[in-house]
Amino acid sequence: MLNALTRKSQLDHMSKFEYDLLIIGGGITGAGIALDASKRGLNVALVEMQDFSQGTSSRSTKLIHGGLRYLKQMQVNVVKETGRERAIVYENGPHVTTPEWMLLPFHKGGTFGEFTTSLGLKVYDSLAGVDKNERRNMLTKKEVIERVPNIKTDGLKGGGHYVEYKTDDARLTIEVMKKAAAYGADAVNYVKADGFLYENGIVTGISAKDMLSGDVYQIKSKAVVNASGPWVDEVRGNDVAAKQQTKKHLVHTKGVHIVFKQEDFPLTQAVYFDTKDDGRMIFAIPRAGKTYVGTTDTFYGEDKSNPTAEAEDKAYLIDAINFMFPTLNADVSMIESSWAGIRPLIQSSGSKNASDISRKDEIWHSTSGLITIAGGKLTGYRHMAEEIVDDVADYLKKHFKMNVKKVSTIDEPVSGGDVGGSVGYQNYVENISRKAPSYGLTLEEGFHLAMKYGSNVETVYQYAGITNDNHEKYELPKLLYAEVIYGMLHEMVIKPSDFFVRRSGKLYFEINDVLNYRKGVEQLLQDTLSYDDNARQQYAEELDAAIQDTKR
């Protein structure tokens with residue numbers, strides 16, 4: 001269990017135990033590896049120097065998609081693999097993944113024409129093994145306008161209608177991590193791998209620094225995997241052997257998204273459209289009463305821990321919006337919030353355009369035994385994890401005579417995913433929502449929580465039911481109080497930003513909740529986790545900075 005109250009004792013335990021596998025990095029890749037390895041029966045530890053999913057895994061376009069643009073680049077195998085993986089992700093976690101019909105309009109002189117759109121989407125459906133109920137259909141100009149009244153009509157010829165999958169990337173990551181913990185993995189946030197431990201030149205663990213207390217621990221393990229995303233090269237830099245052996249390194253690109261109120265950008269149909277000048281493809285997606293648009297793709301060499309949307313990024317997206325939705329007359333003053341993420345991509349020779357660099361993952365081995373995973377996409381996390389743990393299994397067999405069983409996570413629901421799969425999900429939500437009033441919640445609140453937490457929702461209900469009016473003491477709605485308590489005891493929420501940014505997404509889509517309830521949440525966290533006023537002030541300032549960054 002990812003319990004913030006027992007985090008210190010968990011670290012003490014981790015320093016006294018030798019693991020089979022230690023993972024550096026708590027994004028979706030690290031979480032996936034932890035789940036795959038722990039299901040195979042390995043003793044697994046994971047450390048993340050920030051909060052879980054605080055890096056790339058909470059800053060994506062929030063889509064589990066097959067990558068239609070990769071078909072345009074003739075990366076057929078990438079489309080085939082990711083297209084099929086997205087269906088697996090949806091089946092195993094329908095509470096964090098939702099089918100989203102996407103409209104791909106085509107205009108005279110645009111990137112796609114009627115024939116190429118129809119053929120491309122048909123090939124896409126075939127490669128991805130799309131269910132017959134979700135296969136593409138072609139729309140007339142009139143039908144496109146009916147779905148998106150504010151779309152550019154000049155030169156509009158029609159559109160393709162196909163399915164992608166919308167997700168909450170940070171919640172997907174935490175649900176995978178929770179399932180790994182249910183299999184026995186020890187995962188801790190805010191712990192930095194400061195260096196490696198060696199025996200005869202072979203990595204045997206890490207020196208780990210608790211970023212909250214400053215305490216330093218030694219965590220030992222037979223195998224170590226570097227899954228630190230944008231920080232892969234920095235982690236490898238602590239291993240002399242890896243530093244000398246691998247000539248490849250990462251390049252980073254930045255993707256920016258901007259959020260609008262529905263009244264400023266009314267949209268009920270997601271649209272995937274090309275820009276006027278450079279032909280990049282941009283998403284405009286309705287979510288939680290808002291519309292968000294992204295993404296950019298530019299080389300980035302600045303602070304990887306805190307990328308932000310700069311003026312030129314926003315201007316680029318505003319121009320793209322006004323090109324495809326000219327009647328909106330969008331401008332930067334209409335942007336309610338924004339986020340920026342870093343893509344860690346493997347260096348490829350001759351790639352002058354950031355969008356041309358492959359998103360393919362690679363596994364690198366050091367003579368010290370360190371295994372590094374670089375690159376990759378959110379959609380393919382499960383398959384990537386399987387490949388990496390296969391390598392770990394080979395390493396453990398060669399060096400420790402361990403026989404690691406081969407298992408599959410194809411049919412393994414993530415935490416909260418025990419709802420009867422995608423077919424039974426809606427019935428589950430409707431039935432479980434009826435219990436909400438017995439815990440002092442409305443049916444609507446129960447439905448909201450069930451959609452978000454899936455089969456974990458009754459635990460959240462219980463925290464709402466036993467508040468004894470404590471939520472009033474903190475001036476918090478009962479629902480929000482229950483979510484924060486659940487976050488601390490089951491998702492290792494420590495800081496206000498952990499909850500408001502990554503466990504709830506409120507910073508991006510419900511900013512008023514952050515502003516109205518932050519003081520109560522700050523006090524509740526401090527009282528429950530018993531940290532001092534200096535820590536509370538520091539965490540409050542971090543939330544201030546996060547709020548400011550969304551509005552820059």
# chains A, B, ... in the order shown; residues from 1 in each chain; ligands from 1
>>> select_by_dssp(residues="segment 189-243 of chain A", states="strand (DSSP E)", output="list in words")
Val191, Lys192, Ala193, Asp194, Gly195, Phe196, Leu197, Tyr198, Glu199, Ile202, Val203, Thr204, Gly205, Ile206, Ser207, Ala208, Lys209, Asp210, Val216, Tyr217, Gln218, Ile219, Lys220, Ser221, Lys222, Ala223, Val224, Val225 and Asn226 of chain A
>>> write_last_selection(atoms="C-alpha atoms", output="CSV table (one decimal), in the first residue's frame")
chain,number,residue,atom,x,y,z
A,191,VAL,CA,13.5,9.6,-2.7
A,192,LYS,CA,16.5,10.3,-5.1
A,193,ALA,CA,19.0,7.7,-6.3
A,194,ASP,CA,22.1,9.7,-5.5
A,195,GLY,CA,24.7,7.1,-6.5
A,196,PHE,CA,25.3,3.4,-7.0
A,197,LEU,CA,26.6,0.7,-4.7
A,198,TYR,CA,29.2,-1.7,-6.2
A,199,GLU,CA,30.8,-5.0,-5.5
A,202,ILE,CA,28.9,-4.7,-10.4
A,203,VAL,CA,26.0,-2.5,-9.3
A,204,THR,CA,24.4,-3.9,-6.1
A,205,GLY,CA,22.0,-1.1,-5.2
A,206,ILE,CA,21.8,2.6,-4.7
A,207,SER,CA,22.5,5.3,-2.2
A,208,ALA,CA,19.1,6.9,-1.7
A,209,LYS,CA,18.4,10.4,-0.3
A,210,ASP,CA,15.0,11.1,1.2
A,216,VAL,CA,20.4,8.9,3.3
A,217,TYR,CA,19.7,5.2,2.9
A,218,GLN,CA,21.5,2.3,1.2
A,219,ILE,CA,19.1,0.1,-0.7
A,220,LYS,CA,20.5,-3.2,-2.0
A,221,SER,CA,19.3,-5.1,-5.0
A,222,LYS,CA,20.5,-7.9,-7.3
A,223,ALA,CA,19.4,-5.9,-10.4
A,224,VAL,CA,18.8,-2.2,-11.0
A,225,VAL,CA,16.8,-0.6,-13.8
A,226,ASN,CA,17.1,3.0,-14.7
>>> select_by_dssp(residues="segment 72-108 of chain A", states="alpha helix (DSSP H)", output="list in words")
Lys72, Val76, Asn77, Val78, Val79, Lys80, Glu81, Thr82, Gly83, Arg84, Glu85, Arg86, Ala87, Ile88, Val89, Tyr90, Glu91 and Asn92 of chain A
>>> atom_distance(atom1="atom CA of Asp131 of chain A", atom2="atom CA of His65 of chain A")
14.4 Å
>>> residues_around(residues="segment 104-111 of chain A", least_positions_apart="3", cutoff="7 Å", atoms="only C-alpha atoms", output="list in words")
Glu114, Gly155, Leu156, Lys157, Gly158, Gly159, Gly160, His161, Val271, Tyr272, Phe273, Asp274 and Gly279 of chain A
>>> write_last_selection(atoms="C-alpha atoms", output="PDB file, in the first residue's frame")
ATOM      1  CA  GLU A 114     -10.759  12.326 -48.689  1.00  0.00           C
ATOM      2  CA  GLY A 155     -12.276  24.521 -48.383  1.00  0.00           C
ATOM      3  CA  LEU A 156     -13.843  21.949 -46.032  1.00  0.00           C
ATOM      4  CA  LYS A 157     -14.625  18.723 -47.888  1.00  0.00           C
ATOM      5  CA  GLY A 158     -15.529  16.304 -45.123  1.00  0.00           C
ATOM      6  CA  GLY A 159     -13.921  14.342 -42.330  1.00  0.00           C
ATOM      7  CA  GLY A 160     -12.982  11.000 -40.898  1.00  0.00           C
ATOM      8  CA  HIS A 161     -14.474   9.802 -37.602  1.00  0.00           C
ATOM      9  CA  VAL A 271     -10.829  17.301 -33.308  1.00  0.00           C
ATOM     10  CA  TYR A 272      -7.426  16.309 -34.699  1.00  0.00           C
ATOM     11  CA  PHE A 273      -6.305  18.950 -37.172  1.00  0.00           C
ATOM     12  CA  ASP A 274      -3.247  20.161 -39.015  1.00  0.00           C
ATOM     13  CA  GLY A 279       1.696  20.645 -41.046  1.00  0.00           C
TER      14      GLY A 279
END
>>> closest_residue(among="A:Gly26, A:Gly237, A:Gly83, A:Gly424", to="Leu127 of chain A", atoms="only C-alpha atoms")
A:Gly83
>>> residues_around(residues="Gly505 of chain A", least_positions_apart="4", cutoff="10 Å", atoms="only C-alpha atoms", output="ChimeraX atom specification")
/A:58,168-171,497-501,509-511,514
>>> residues_around(residues="segment 285-289 of chain A", least_positions_apart="2", cutoff="6 Å", atoms="only C-alpha atoms", output="list in words")
Gln262, Leu267, Thr268, Ala270, Thr291 and Tyr292 of chain A
>>> residues_around(residues="Tyr395 of chain A", least_positions_apart="4", cutoff="10 Å", atoms="only C-alpha atoms", output="list of chain:residue names")
A:Lys222, A:Ala223, A:Gly369, A:Ile371, A:Val389, A:Asp390, A:Asp391, A:His399, A:Phe400, A:Lys401, A:Met402
>>> atom_distance(atom1="atom CA of Ala31 of chain A", atom2="atom CA of Arg86 of chain A")
16.7 Å
>>> residues_around(residues="segment 471-483 of chain A", least_positions_apart="3", cutoff="7 Å", atoms="only C-alpha atoms", output="list in words")
Val460, Tyr463, Ala464, Thr467, Tyr486, Gly487, Tyr517, Gly520 and Leu524 of chain A
>>> write_last_selection(atoms="N, CA and C atoms", output="mmCIF file, in the first residue's frame")
data_model
loop_
_atom_site.group_PDB
_atom_site.id
_atom_site.type_symbol
_atom_site.label_atom_id
_atom_site.label_comp_id
_atom_site.auth_asym_id
_atom_site.auth_seq_id
_atom_site.Cartn_x
_atom_site.Cartn_y
_atom_site.Cartn_z
ATOM 1 N N VAL A 460 -13.238 4.977 -0.634
ATOM 2 C CA VAL A 460 -13.402 6.431 -0.587
ATOM 3 C C VAL A 460 -14.733 6.771 0.076
ATOM 4 N N TYR A 463 -14.447 6.673 3.838
ATOM 5 C CA TYR A 463 -13.813 7.848 4.451
ATOM 6 C C TYR A 463 -14.784 9.019 4.511
ATOM 7 N N ALA A 464 -15.679 9.108 3.534
ATOM 8 C CA ALA A 464 -16.710 10.152 3.577
ATOM 9 C C ALA A 464 -17.701 9.878 4.699
ATOM 10 N N THR A 467 -16.389 10.817 8.572
ATOM 11 C CA THR A 467 -15.742 12.109 8.830
ATOM 12 C C THR A 467 -16.120 12.685 10.184
ATOM 13 N N TYR A 486 -8.102 9.463 1.394
ATOM 14 C CA TYR A 486 -7.768 8.295 0.571
ATOM 15 C C TYR A 486 -6.406 8.482 -0.089
ATOM 16 N N GLY A 487 -6.152 9.680 -0.586
ATOM 17 C CA GLY A 487 -4.877 9.965 -1.239
ATOM 18 C C GLY A 487 -3.692 9.763 -0.315
ATOM 19 N N TYR A 517 -10.111 25.732 -1.805
ATOM 20 C CA TYR A 517 -9.955 24.711 -0.769
ATOM 21 C C TYR A 517 -8.514 24.408 -0.379
ATOM 22 N N GLY A 520 -7.633 24.512 3.477
ATOM 23 C CA GLY A 520 -8.152 23.379 4.229
ATOM 24 C C GLY A 520 -7.382 22.105 3.954
ATOM 25 N N LEU A 524 -5.230 19.924 6.629
ATOM 26 C CA LEU A 524 -5.547 18.507 6.807
ATOM 27 C C LEU A 524 -4.305 17.639 6.607
#
>>> closest_atom_pairs(of="segment 170-258 of chain A", to="segment 529-550 of chain A", cutoff="10 Å", atoms="only C-alpha atoms", output="tab-separated table")
residue	atom	partner	partner_atom	distance
A:Leu212	CA	A:Ala535	CA	8.6
A:Ser213	CA	A:Ala535	CA	9.9
A:His257	CA	A:Thr550	CA	10.0
A:Ile258	CA	A:Thr550	CA	8.8
>>> write_last_selection(atoms="C-alpha atoms", output="PDB file, in the first residue's frame")
ATOM      1  CA  LEU A 212      11.841  15.378   2.520  1.00  0.00           C
ATOM      2  CA  SER A 213      13.979  14.603   5.559  1.00  0.00           C
ATOM      3  CA  HIS A 257      -1.139  22.322 -23.812  1.00  0.00           C
ATOM      4  CA  ILE A 258      -3.527  25.191 -23.121  1.00  0.00           C
TER       5      ILE A 258
END
>>> closest_residue(among="A:Gly201, A:Gly184, A:Gly341, A:Gly454", to="Ser57 of chain A", atoms="only C-alpha atoms")
A:Gly341
